[in-house]
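What follows is one structure encoded as structure tokens, with my remarks underneath.
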Amino acid sequence: MSRADRARSLSLRQLLGALGIGVAAVALVWTGPLWTVLAALALGTVYAAGTAPLAVAFGQVALVAVGPASPAAAVTVEVGLFLSLLAAALSSPTPTAAAAVTVAVPLFAGLTWLALSSWQMGPMAVALGLVCGFATVAYLLHRYLLVSIGIVSRDQPQSATTYE
Amino acid sequence: MRSTQYPGVMRLTRRFWLTTGVALCLALGGWILGSTALFVAAAGLLGWVLAMQAVFVRSATQVERSLSVEQSLDRSNVTTGTETTFRLSAAIDSANSHLPVTIRANVPVAAERASATEPLVTLARTQSESSITVPLTWETVGQHTVVEATVSVRDAAGLFVQEFDAGSTPSVTVEAPSLGPVHIGQSGERLLRGVGEHESRGSQGGLSAEEIRKYVPGDAMKYVDWKATARLDEPHVREYEAESNRQTVLVVDHRSPMADGPAGRTKLDHLRAVASAIRQRTDADRDPIGYLTVGDSGVTGTMSPTARPEAYESCHHHLTDLAVPDAESDTQSPATTRGGGPVTVTGGDPTLTAMERVLLSYQDHERTLLPDEQLYNGFRSARHEIRNADLVVICSDDTDPGELRETAGLARRNATEVVVFLTPSAAFDDGLLAATDDAYERYRRFDQFRRELCEMDSVTAYEVAPRDRIESIISRAASDPSRGETA
């Protein structure tokens, strides 16, 4: 990737992130009372000063607090927040990052929504499933990386304990 | 608190913990408030983290497969305090951009970095190769290995860091700067007789009885020990320790060229060992010892031959302290004189031609000096007792054959016997492999000069060098019969 390509990628990432946060902020203001303007400003500040995940969390809390009048407004906010997460993934040198985020985020979010609303699972079970599923997949990916780069062999598992 | 981390573990950054912590807080909030939206947000964030981790695993694996790390040292065998050059280079075979990579060399603690430069190489996203050179000084004796470098890969979102080892593992053997086997001889042949020995034992002369041995034809009748003959029923003679009074003067050259060679094995170190051996021998035989040392600016020390114990001590300390001075200290150090007046001998008339200098060296004027020939000038200006010793031992090298020839000529006209110990420059040139034609050719010229010295009356010249270097150079002649023999 040349310097020009990097600059293009950077601007695309910034543009997409700003667009996502802007869409989410406008949707919040449009659907809520006057104080949501402050929430929208805070959302932009958190995104600019912090990270995309923090902004997503803040925007989600604001959305719950506002209680959108229509599902369309809620979906608009969610799409905006998702775009900011997608923009963060564009910083990766491989284009598969954006594809992975496009698949993983809706998949996890959709399964959780289905579990709570359609499958009538309890919040406790969903939370446990979420945490355990995340931990299991993360650990498997970690072990796969260790085997891939030859730090541990397939036949000889090695302790990966961190001693403090 | 000391933290020891296993290097293969994927390190999770603060940003990772912040992101997952926020996601878990959202999940907790969703559970408490019964909010599906917060649960969905938590799940989306955790999904994002897993997606980023999957991409990182793939990218890190590609980096590990396409990265090549080379570590090298310019020398594999050094003495303590020697500086070596360590090179760390990394190249990544990737047409596209890659994750940023940091490669840090794990330099052993025995090595001291001469500069503040970290042995660290960074490959940015679009950079395909980079290298760094770091000077290292080895202070601890032993065999040291630079273990594999630690490669660190960080993901673009700053959530994960993975480390693994890569690269070659160069070794270096660090030895104490002591002299190895020293070769003293002629034309590659080792001198079998001890350095500084001379005939002092015999049946003639001397007062103190040494031992009784069987009579052999030719023994004088006056040395027959009649009591022993009667007791042993066979003629025996008694040998006596000769009372030796051979005055010996060591003339040691410690000018700049004497610093040639690796640390601790320089020309001066070899000649110092020879001079010390002669001093020990004179001490054992109670022969008077004196010295004359010459540096870049002239005479740096002199002592007339004396057989007192303090003279042997003085000679020992002076030889031990001899060093090749740098330009500043040498010009400031005055000549020290023992048993004589002050000696200040430098320079001479620089306008003299080569022929005039040769002619002047054969003149017998006491104070005729040659330009830039501190050894010759120092010896010519030395006290009478030094110039007229029974044995003059000159320790120098072949840098200036003309000056040495003149000095030896001057010494033989005054002293009874002259022994010259020479260090061949070809055997001390670090940049010259001992087995090369150039080294052999230089040694051949040296040996020719040494033989020229030996052809002078009462002059014997020996070569002094590391044994392995001489053997290596001589083996060059043996492998090529067309060159003939050096002797």
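Naming works like this for the structure tokens: A, B, ... for the chains as they're shown, residue 1 at the start of each chain, ligands 1 onward in shown order.
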
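The set of residues in stretch 42-74 of chain B assigned to helix (DSSP H, G or I) by DSSP, using only backbone atoms of this structure, is Ala42, Ala43, Gly44, Leu45, Leu46, Gly47, Trp48, Val49, Leu50, Ala51, Met52, Gln53, Ala54, Val55, Phe56, Val57, Arg58, Ser59, Ala60, Thr61, Gln62, Val63, Glu64, Arg65 and Ser66 of chain B.
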
Write the residues of the preceding selection, restricted to N, CA, C and O atoms, as a tab-separated table (two decimals), in the first residue's frame.
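File result-v9.tsv, as written:
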```
chain	number	residue	atom	x	y	z
B	42	ALA	N	-24.07	-4.85	23.61
B	42	ALA	CA	-22.97	-5.63	24.20
B	42	ALA	C	-22.54	-6.73	23.25
B	42	ALA	O	-21.33	-6.96	23.02
B	43	ALA	N	-23.50	-7.44	22.70
B	43	ALA	CA	-23.18	-8.53	21.78
B	43	ALA	C	-22.46	-8.00	20.54
B	43	ALA	O	-21.50	-8.61	20.03
B	44	GLY	N	-22.92	-6.84	20.04
B	44	GLY	CA	-22.27	-6.26	18.86
B	44	GLY	C	-20.82	-5.90	19.14
B	44	GLY	O	-19.92	-6.16	18.32
B	45	LEU	N	-20.57	-5.32	20.32
B	45	LEU	CA	-19.18	-4.96	20.66
B	45	LEU	C	-18.30	-6.19	20.80
B	45	LEU	O	-17.16	-6.22	20.32
B	46	LEU	N	-18.83	-7.23	21.47
B	46	LEU	CA	-18.03	-8.46	21.62
B	46	LEU	C	-17.78	-9.11	20.25
B	46	LEU	O	-16.71	-9.65	19.97
B	47	GLY	N	-18.76	-9.05	19.39
B	47	GLY	CA	-18.59	-9.57	18.03
B	47	GLY	C	-17.52	-8.78	17.28
B	47	GLY	O	-16.70	-9.35	16.54
B	48	TRP	N	-17.52	-7.47	17.50
B	48	TRP	CA	-16.49	-6.64	16.85
B	48	TRP	C	-15.08	-7.02	17.33
B	48	TRP	O	-14.16	-7.14	16.53
B	49	VAL	N	-14.97	-7.25	18.66
B	49	VAL	CA	-13.66	-7.64	19.20
B	49	VAL	C	-13.21	-8.97	18.60
B	49	VAL	O	-12.05	-9.14	18.20
B	50	LEU	N	-14.16	-9.94	18.51
B	50	LEU	CA	-13.79	-11.24	17.95
B	50	LEU	C	-13.41	-11.11	16.47
B	50	LEU	O	-12.47	-11.78	16.00
B	51	ALA	N	-14.12	-10.27	15.75
B	51	ALA	CA	-13.78	-10.06	14.33
B	51	ALA	C	-12.38	-9.48	14.19
B	51	ALA	O	-11.58	-9.93	13.35
B	52	MET	N	-12.06	-8.51	15.04
B	52	MET	CA	-10.73	-7.91	14.99
B	52	MET	C	-9.66	-8.93	15.37
B	52	MET	O	-8.56	-8.95	14.82
B	53	GLN	N	-10.01	-9.81	16.34
B	53	GLN	CA	-9.03	-10.83	16.75
B	53	GLN	C	-8.79	-11.82	15.62
B	53	GLN	O	-7.65	-12.23	15.36
B	54	ALA	N	-9.85	-12.21	14.94
B	54	ALA	CA	-9.70	-13.17	13.84
B	54	ALA	C	-8.82	-12.58	12.74
B	54	ALA	O	-7.94	-13.26	12.18
B	55	VAL	N	-9.06	-11.32	12.44
B	55	VAL	CA	-8.23	-10.66	11.42
B	55	VAL	C	-6.78	-10.56	11.88
B	55	VAL	O	-5.84	-10.78	11.09
B	56	PHE	N	-6.59	-10.28	13.15
B	56	PHE	CA	-5.23	-10.17	13.68
B	56	PHE	C	-4.50	-11.52	13.60
B	56	PHE	O	-3.32	-11.58	13.24
B	57	VAL	N	-5.22	-12.59	13.94
B	57	VAL	CA	-4.61	-13.93	13.87
B	57	VAL	C	-4.14	-14.22	12.45
B	57	VAL	O	-3.01	-14.70	12.23
B	58	ARG	N	-4.94	-13.89	11.49
B	58	ARG	CA	-4.59	-14.14	10.09
B	58	ARG	C	-3.39	-13.27	9.68
B	58	ARG	O	-2.44	-13.76	9.05
B	59	SER	N	-3.45	-12.01	10.05
B	59	SER	CA	-2.37	-11.09	9.64
B	59	SER	C	-1.05	-11.44	10.32
B	59	SER	O	0.02	-11.40	9.69
B	60	ALA	N	-1.12	-11.80	11.61
B	60	ALA	CA	0.10	-12.14	12.33
B	60	ALA	C	0.73	-13.40	11.77
B	60	ALA	O	1.97	-13.52	11.68
B	61	THR	N	-0.10	-14.36	11.38
B	61	THR	CA	0.42	-15.58	10.78
B	61	THR	C	1.14	-15.28	9.46
B	61	THR	O	2.21	-15.82	9.17
B	62	GLN	N	0.54	-14.38	8.67
B	62	GLN	CA	1.19	-14.00	7.40
B	62	GLN	C	2.53	-13.31	7.67
B	62	GLN	O	3.52	-13.55	6.96
B	63	VAL	N	2.57	-12.48	8.69
B	63	VAL	CA	3.82	-11.80	9.02
B	63	VAL	C	4.88	-12.81	9.41
B	63	VAL	O	6.03	-12.75	8.96
B	64	GLU	N	4.50	-13.76	10.25
B	64	GLU	CA	5.47	-14.76	10.72
B	64	GLU	C	6.02	-15.58	9.56
B	64	GLU	O	7.20	-15.94	9.55
B	65	ARG	N	5.20	-15.84	8.56
B	65	ARG	CA	5.65	-16.67	7.44
B	65	ARG	C	6.50	-15.89	6.44
B	65	ARG	O	7.34	-16.48	5.76
B	66	SER	N	6.27	-14.62	6.34
B	66	SER	CA	6.99	-13.85	5.32
B	66	SER	C	8.16	-13.04	5.88
B	66	SER	O	8.89	-12.41	5.13
```

Counting only C-alpha atoms, what is within 8 Å of B:Gly295, bar same-chain residues fewer than 4 positions away, as a list in words?
-> Asp253, His254, Arg255, Ser256, Val299, Thr300, Val324, Pro325, Asp330 and Gln374 of chain B

All heavy atoms of the current selection, written as a CSV table (one decimal), in the first residue's frame:
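Final output, out_27.csv:
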```csv
chain,number,residue,atom,x,y,z
B,253,ASP,N,61.5,-1.1,22.5
B,253,ASP,CA,60.9,-0.1,21.6
B,253,ASP,C,59.4,-0.2,21.9
B,253,ASP,O,58.8,-1.2,21.8
B,253,ASP,CB,61.2,-0.4,20.2
B,253,ASP,CG,60.5,0.5,19.2
B,253,ASP,OD1,59.8,1.5,19.7
B,253,ASP,OD2,60.6,0.3,18.0
B,254,HIS,N,58.8,0.9,22.4
B,254,HIS,CA,57.3,0.9,22.6
B,254,HIS,C,56.7,2.1,21.9
B,254,HIS,O,55.8,2.8,22.4
B,254,HIS,CB,57.0,0.9,24.1
B,254,HIS,CG,57.4,2.1,24.9
B,254,HIS,ND1,56.5,3.0,25.4
B,254,HIS,CD2,58.6,2.4,25.3
B,254,HIS,CE1,57.1,3.9,26.0
B,254,HIS,NE2,58.4,3.6,26.0
B,255,ARG,N,57.1,2.3,20.7
B,255,ARG,CA,56.5,3.4,19.9
B,255,ARG,C,55.2,2.9,19.2
B,255,ARG,O,54.8,1.7,19.4
B,255,ARG,CB,57.5,3.8,18.8
B,255,ARG,CG,58.7,4.6,19.3
B,255,ARG,CD,59.7,4.9,18.3
B,255,ARG,NE,60.4,3.7,17.9
B,255,ARG,CZ,61.3,3.7,16.9
B,255,ARG,NH1,61.6,4.8,16.2
B,255,ARG,NH2,61.9,2.6,16.6
B,256,SER,N,54.5,3.8,18.5
B,256,SER,CA,53.1,3.5,18.1
B,256,SER,C,53.0,2.2,17.3
B,256,SER,O,52.0,1.4,17.5
B,256,SER,CB,52.6,4.6,17.2
B,256,SER,OG,52.7,5.8,17.9
B,299,VAL,N,63.4,8.8,24.5
B,299,VAL,CA,63.7,7.9,25.6
B,299,VAL,C,62.7,8.1,26.7
B,299,VAL,O,62.4,9.2,27.1
B,299,VAL,CB,65.1,8.1,26.1
B,299,VAL,CG1,65.4,7.2,27.3
B,299,VAL,CG2,66.1,7.7,25.0
B,300,THR,N,62.1,7.0,27.2
B,300,THR,CA,61.1,7.1,28.2
B,300,THR,C,61.6,6.5,29.5
B,300,THR,O,61.0,6.7,30.6
B,300,THR,CB,59.8,6.4,27.9
B,300,THR,OG1,60.1,5.0,27.5
B,300,THR,CG2,59.1,7.0,26.7
B,324,VAL,N,52.1,1.6,24.9
B,324,VAL,CA,52.2,2.4,23.7
B,324,VAL,C,51.5,3.7,24.0
B,324,VAL,O,50.3,3.7,24.1
B,324,VAL,CB,51.7,1.8,22.4
B,324,VAL,CG1,51.8,2.7,21.3
B,324,VAL,CG2,52.4,0.5,22.2
B,325,PRO,N,52.2,4.8,24.2
B,325,PRO,CA,51.5,6.0,24.6
B,325,PRO,C,50.8,6.7,23.5
B,325,PRO,O,51.2,6.6,22.3
B,325,PRO,CB,52.7,6.9,25.1
B,325,PRO,CG,53.8,6.5,24.3
B,325,PRO,CD,53.6,5.0,24.0
B,330,ASP,N,52.5,11.0,25.5
B,330,ASP,CA,53.9,10.7,25.2
B,330,ASP,C,54.7,12.0,25.1
B,330,ASP,O,55.8,12.1,25.6
B,330,ASP,CB,54.0,10.0,23.8
B,330,ASP,CG,55.4,9.4,23.6
B,330,ASP,OD1,55.9,8.9,24.5
B,330,ASP,OD2,55.9,9.6,22.5
B,374,GLN,N,64.1,7.6,16.9
B,374,GLN,CA,64.2,7.6,18.4
B,374,GLN,C,65.0,6.5,18.9
B,374,GLN,O,65.7,6.7,19.9
B,374,GLN,CB,62.8,7.7,19.0
B,374,GLN,CG,62.0,9.0,18.8
B,374,GLN,CD,61.3,9.0,17.4
B,374,GLN,OE1,61.4,8.1,16.7
B,374,GLN,NE2,60.6,10.1,17.2
```

Could you give me, as a PyMOL selection string, each residue of stretch 134-315 of chain B that DSSP assigns to strand (DSSP E) when run on this structure's backbone?
-> chain B and resi 134-138+142-145+147-154+160-166+171-175+182-186+189-190+201-202+208-214+236-241+248-253+289-295+298-306

Quote the spacing between atom CA of B:Ile470 and atom CA of B:Gly264 in Å to one decimal place.
-> 17.6 Å

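If you measure from each of B:Phe16, B:Phe164, B:Phe428, B:Tyr376 to chain A using only C-alpha atoms, the closest one turns out to be B:Phe164.
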
Tell me which of A:Leu114, A:Ala97, A:Ala42, A:Met121 sits closest to chain B, counting only C-alpha atoms.
-> A:Ala97

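Nearest to chain A of all the residues B:Leu191, B:Ala263, B:Leu33, B:Leu99 is B:Leu99, based on only C-alpha atoms.
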
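For the residues A:Trp35, A:Tyr47, A:Tyr139, A:Tyr144, ranking by smallest atom-to-atom distance to A:Ala87 using only C-alpha atoms places A:Tyr47 first.
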
Hey, what's within 8 Å of stretch 441-456 of chain B if we count only C-alpha atoms and toss same-chain stuff fewer than 5 positions away? As a short mmCIF file (atom, residue, chain, number, x, y, z; two decimals) with C-alpha atoms, in the first residue's frame, please?
```cif
data_model
loop_
_atom_site.label_atom_id
_atom_site.label_comp_id
_atom_site.auth_asym_id
_atom_site.auth_seq_id
_atom_site.Cartn_x
_atom_site.Cartn_y
_atom_site.Cartn_z
CA GLN B 186 64.26 -18.09 13.23
CA SER B 187 62.57 -18.62 9.86
CA ASP B 398 60.29 -4.49 11.31
CA PRO B 401 64.48 -1.81 9.00
CA ARG B 405 70.00 -2.01 11.18
CA ALA B 408 72.16 -2.99 15.80
CA GLY B 409 75.32 -1.85 14.03
CA LEU B 422 61.76 -8.74 16.16
CA PRO B 424 57.04 -9.44 12.11
CA SER B 425 54.25 -7.01 11.25
CA ALA B 426 52.68 -9.60 8.94
CA ALA B 427 51.84 -11.73 11.97
CA ALA B 461 68.13 -11.93 15.48
CA TYR B 462 65.02 -13.86 16.42
CA GLU B 463 61.41 -13.50 15.44
CA ILE B 473 52.09 -18.25 7.38
CA THR B 486 62.27 -18.98 3.90
CA ALA B 487 65.34 -20.09 5.77
#
```

If we count only C-alpha atoms, what is near B:Glu313 at a cut-off of 12 Å, once residues fewer than 5 positions away on the same chain are taken out, given as an MDAnalysis selection string?
-> chainID B and resid 276 279:280 282:283 289:290 303 306:308 318:320

Export, as an mmCIF file, in the first residue's frame, the selected residues with all heavy atoms.
```
data_model
loop_
_atom_site.group_PDB
_atom_site.id
_atom_site.type_symbol
_atom_site.label_atom_id
_atom_site.label_comp_id
_atom_site.auth_asym_id
_atom_site.auth_seq_id
_atom_site.Cartn_x
_atom_site.Cartn_y
_atom_site.Cartn_z
ATOM 1 N N SER B 276 60.787 -9.779 29.783
ATOM 2 C CA SER B 276 60.580 -10.207 31.171
ATOM 3 C C SER B 276 61.283 -11.536 31.435
ATOM 4 O O SER B 276 61.826 -11.767 32.527
ATOM 5 C CB SER B 276 59.083 -10.343 31.468
ATOM 6 O OG SER B 276 58.463 -9.086 31.368
ATOM 7 N N ARG B 279 64.853 -10.801 31.883
ATOM 8 C CA ARG B 279 65.064 -10.193 33.202
ATOM 9 C C ARG B 279 65.059 -11.262 34.300
ATOM 10 O O ARG B 279 65.885 -11.239 35.220
ATOM 11 C CB ARG B 279 63.969 -9.151 33.481
ATOM 12 C CG ARG B 279 64.184 -8.366 34.756
ATOM 13 C CD ARG B 279 62.886 -7.887 35.352
ATOM 14 N NE ARG B 279 61.995 -8.977 35.752
ATOM 15 C CZ ARG B 279 62.096 -9.661 36.876
ATOM 16 N NH1 ARG B 279 63.076 -9.387 37.729
ATOM 17 N NH2 ARG B 279 61.261 -10.638 37.164
ATOM 18 N N GLN B 280 64.110 -12.211 34.188
ATOM 19 C CA GLN B 280 64.053 -13.296 35.178
ATOM 20 C C GLN B 280 65.347 -14.107 35.166
ATOM 21 O O GLN B 280 65.862 -14.501 36.212
ATOM 22 C CB GLN B 280 62.858 -14.210 34.896
ATOM 23 C CG GLN B 280 61.533 -13.612 35.339
ATOM 24 C CD GLN B 280 60.381 -14.553 35.053
ATOM 25 O OE1 GLN B 280 60.534 -15.551 34.353
ATOM 26 N NE2 GLN B 280 59.213 -14.230 35.583
ATOM 27 N N THR B 282 68.345 -13.131 34.200
ATOM 28 C CA THR B 282 69.452 -12.362 34.797
ATOM 29 C C THR B 282 69.310 -12.305 36.306
ATOM 30 O O THR B 282 70.306 -12.340 37.039
ATOM 31 C CB THR B 282 69.486 -10.931 34.240
ATOM 32 O OG1 THR B 282 68.229 -10.306 34.474
ATOM 33 C CG2 THR B 282 69.796 -10.911 32.769
ATOM 34 N N ASP B 283 68.063 -12.237 36.759
ATOM 35 C CA ASP B 283 67.823 -12.229 38.207
ATOM 36 C C ASP B 283 68.296 -13.550 38.817
ATOM 37 O O ASP B 283 68.963 -13.582 39.864
ATOM 38 C CB ASP B 283 66.324 -12.005 38.465
ATOM 39 C CG ASP B 283 66.044 -11.730 39.935
ATOM 40 O OD1 ASP B 283 66.997 -11.740 40.738
ATOM 41 O OD2 ASP B 283 64.867 -11.506 40.287
ATOM 42 N N ILE B 289 71.577 -6.023 35.386
ATOM 43 C CA ILE B 289 70.546 -5.738 34.383
ATOM 44 C C ILE B 289 70.345 -4.228 34.280
ATOM 45 O O ILE B 289 70.377 -3.520 35.275
ATOM 46 C CB ILE B 289 69.216 -6.453 34.744
ATOM 47 C CG1 ILE B 289 68.135 -6.229 33.678
ATOM 48 C CG2 ILE B 289 68.668 -5.960 36.066
ATOM 49 C CD1 ILE B 289 68.187 -7.197 32.561
ATOM 50 N N GLY B 290 70.133 -3.775 33.071
ATOM 51 C CA GLY B 290 69.799 -2.376 32.834
ATOM 52 C C GLY B 290 68.790 -2.301 31.710
ATOM 53 O O GLY B 290 68.477 -3.316 31.077
ATOM 54 N N MET B 303 68.128 2.789 32.737
ATOM 55 C CA MET B 303 68.781 2.386 33.978
ATOM 56 C C MET B 303 70.080 1.663 33.609
ATOM 57 O O MET B 303 70.078 0.749 32.769
ATOM 58 C CB MET B 303 67.884 1.458 34.797
ATOM 59 C CG MET B 303 68.482 1.063 36.142
ATOM 60 S SD MET B 303 67.412 -0.055 37.067
ATOM 61 C CE MET B 303 67.694 -1.580 36.195
ATOM 62 N N THR B 306 72.888 -2.992 36.796
ATOM 63 C CA THR B 306 73.148 -3.152 38.224
ATOM 64 C C THR B 306 72.681 -4.536 38.634
ATOM 65 O O THR B 306 71.687 -5.024 38.097
ATOM 66 C CB THR B 306 72.381 -2.093 39.041
ATOM 67 O OG1 THR B 306 72.528 -0.825 38.398
ATOM 68 C CG2 THR B 306 72.895 -1.993 40.462
ATOM 69 N N ALA B 307 73.349 -5.117 39.605
ATOM 70 C CA ALA B 307 72.967 -6.465 40.052
ATOM 71 C C ALA B 307 72.268 -6.430 41.402
ATOM 72 O O ALA B 307 72.150 -7.455 42.061
ATOM 73 C CB ALA B 307 74.200 -7.356 40.122
ATOM 74 N N ARG B 308 71.793 -5.273 41.809
ATOM 75 C CA ARG B 308 71.108 -5.183 43.107
ATOM 76 C C ARG B 308 69.665 -5.662 42.964
ATOM 77 O O ARG B 308 69.049 -5.499 41.891
ATOM 78 C CB ARG B 308 71.131 -3.745 43.605
ATOM 79 C CG ARG B 308 72.531 -3.268 44.006
ATOM 80 C CD ARG B 308 72.423 -2.032 44.880
ATOM 81 N NE ARG B 308 71.734 -0.949 44.202
ATOM 82 C CZ ARG B 308 72.353 -0.061 43.426
ATOM 83 N NH1 ARG B 308 73.656 -0.137 43.247
ATOM 84 N NH2 ARG B 308 71.676 0.902 42.866
ATOM 85 N N HIS B 318 59.090 -1.461 35.448
ATOM 86 C CA HIS B 318 59.131 -0.606 34.258
ATOM 87 C C HIS B 318 58.633 -1.358 33.028
ATOM 88 O O HIS B 318 57.874 -0.818 32.218
ATOM 89 C CB HIS B 318 60.564 -0.104 34.034
ATOM 90 C CG HIS B 318 60.647 0.979 33.004
ATOM 91 N ND1 HIS B 318 60.133 2.245 33.198
ATOM 92 C CD2 HIS B 318 61.158 0.982 31.746
ATOM 93 C CE1 HIS B 318 60.344 2.979 32.121
ATOM 94 N NE2 HIS B 318 60.966 2.236 31.222
ATOM 95 N N LEU B 319 59.023 -2.615 32.914
ATOM 96 C CA LEU B 319 58.552 -3.415 31.778
ATOM 97 C C LEU B 319 57.047 -3.629 31.860
ATOM 98 O O LEU B 319 56.331 -3.575 30.857
ATOM 99 C CB LEU B 319 59.262 -4.769 31.745
ATOM 100 C CG LEU B 319 60.730 -4.759 31.321
ATOM 101 C CD1 LEU B 319 61.327 -6.153 31.467
ATOM 102 C CD2 LEU B 319 60.864 -4.276 29.883
ATOM 103 N N THR B 320 56.562 -3.883 33.062
ATOM 104 C CA THR B 320 55.131 -4.119 33.236
ATOM 105 C C THR B 320 54.328 -2.870 32.883
ATOM 106 O O THR B 320 53.244 -2.966 32.300
ATOM 107 C CB THR B 320 54.834 -4.529 34.690
ATOM 108 O OG1 THR B 320 55.668 -5.632 35.021
ATOM 109 C CG2 THR B 320 53.371 -4.918 34.870
#
```

Might you pull out every residue within 8 Å of B:Ser97, with only C-alpha atoms counted and same-chain residues fewer than 6 positions away left off, and present them as a ChimeraX atom specification?
-> /A:1,93-94 /B:125-127

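Shortest atom-to-atom contact with chain B among A:Leu140, A:Val64, A:Leu41, A:Leu34: A:Val64, counting only C-alpha atoms.
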
Residue neighbourhood stretch 152-159 of chain B, 6 Å, only C-alpha atoms, exclusion window fewer than 5 positions, as a tab-separated table (two decimals) with all heavy atoms, in the first residue's frame:
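Saved to result-v4.tsv:
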```tsv
chain	number	residue	atom	x	y	z
A	91	SER	N	-8.89	0.44	9.65
A	91	SER	CA	-7.49	0.73	9.96
A	91	SER	C	-6.60	-0.49	9.77
A	91	SER	O	-5.38	-0.38	9.69
A	91	SER	CB	-7.36	1.23	11.41
A	91	SER	OG	-7.83	0.24	12.29
A	92	SER	N	-7.22	-1.67	9.69
A	92	SER	CA	-6.45	-2.89	9.46
A	92	SER	C	-5.91	-2.90	8.03
A	92	SER	O	-6.58	-2.45	7.10
A	92	SER	CB	-7.34	-4.11	9.72
A	92	SER	OG	-6.64	-5.27	9.39
B	13	THR	N	-4.15	-5.68	25.33
B	13	THR	CA	-3.83	-4.31	25.71
B	13	THR	C	-4.94	-3.71	26.59
B	13	THR	O	-6.01	-4.29	26.76
B	13	THR	CB	-3.66	-3.44	24.45
B	13	THR	OG1	-4.91	-3.38	23.78
B	13	THR	CG2	-2.61	-4.03	23.52
B	15	ARG	N	-6.70	-1.24	25.84
B	15	ARG	CA	-7.84	-0.92	24.98
B	15	ARG	C	-8.76	-2.13	24.85
B	15	ARG	O	-9.99	-1.99	24.81
B	15	ARG	CB	-7.32	-0.48	23.61
B	15	ARG	CG	-8.41	-0.04	22.67
B	15	ARG	CD	-7.85	0.61	21.45
B	15	ARG	NE	-7.32	1.93	21.75
B	15	ARG	CZ	-6.97	2.81	20.83
B	15	ARG	NH1	-7.10	2.52	19.56
B	15	ARG	NH2	-6.49	3.99	21.16
B	16	PHE	N	-8.15	-3.32	24.79
B	16	PHE	CA	-8.98	-4.53	24.74
B	16	PHE	C	-9.83	-4.65	26.01
B	16	PHE	O	-11.04	-4.90	25.95
B	16	PHE	CB	-8.08	-5.77	24.60
B	16	PHE	CG	-8.80	-7.07	24.79
B	16	PHE	CD1	-9.44	-7.68	23.71
B	16	PHE	CD2	-8.87	-7.69	26.03
B	16	PHE	CE1	-10.12	-8.88	23.89
B	16	PHE	CE2	-9.54	-8.89	26.21
B	16	PHE	CZ	-10.17	-9.49	25.13
B	56	PHE	N	-6.59	-10.28	13.15
B	56	PHE	CA	-5.23	-10.17	13.68
B	56	PHE	C	-4.50	-11.52	13.60
B	56	PHE	O	-3.32	-11.58	13.24
B	56	PHE	CB	-5.28	-9.69	15.13
B	56	PHE	CG	-3.95	-9.71	15.82
B	56	PHE	CD1	-2.93	-8.85	15.45
B	56	PHE	CD2	-3.69	-10.63	16.83
B	56	PHE	CE1	-1.69	-8.88	16.07
B	56	PHE	CE2	-2.46	-10.67	17.47
B	56	PHE	CZ	-1.46	-9.79	17.07
B	101	VAL	N	5.58	-4.14	12.52
B	101	VAL	CA	6.39	-5.16	13.18
B	101	VAL	C	7.57	-4.49	13.88
B	101	VAL	O	8.21	-3.60	13.31
B	101	VAL	CB	6.92	-6.19	12.16
B	101	VAL	CG1	7.69	-7.29	12.88
B	101	VAL	CG2	5.79	-6.77	11.36
B	102	THR	N	7.82	-4.91	15.09
B	102	THR	CA	9.00	-4.43	15.82
B	102	THR	C	9.87	-5.63	16.15
B	102	THR	O	9.38	-6.61	16.71
B	102	THR	CB	8.59	-3.71	17.11
B	102	THR	OG1	7.72	-2.64	16.78
B	102	THR	CG2	9.80	-3.16	17.84
```

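What separates atom CA of B:Thr140 from atom CA of B:Glu118 is a distance of 20.5 Å.
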
Provide the atom CA of B:Asn388 to atom CA of B:Asn245 distance in Å, to one decimal place.
-> 13.6 Å

Determine, counting only C-alpha atoms, which protein, DNA and RNA residues have an atom within 8 Å of an atom of stretch 212-220 of chain B; residues of the same chain fewer than 4 positions away are not included. Present the result as a list of chain:residue names.
-> B:Ser203, B:Val224, B:Asp225, B:Glu234, B:Pro235, B:His236, B:Val237, B:Arg238, B:Glu239

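The nearest approach to B:Glu163 among the residues B:Ala323, B:Leu12, B:Ile132, B:Ala41, with only C-alpha atoms taken into account, belongs to B:Leu12.
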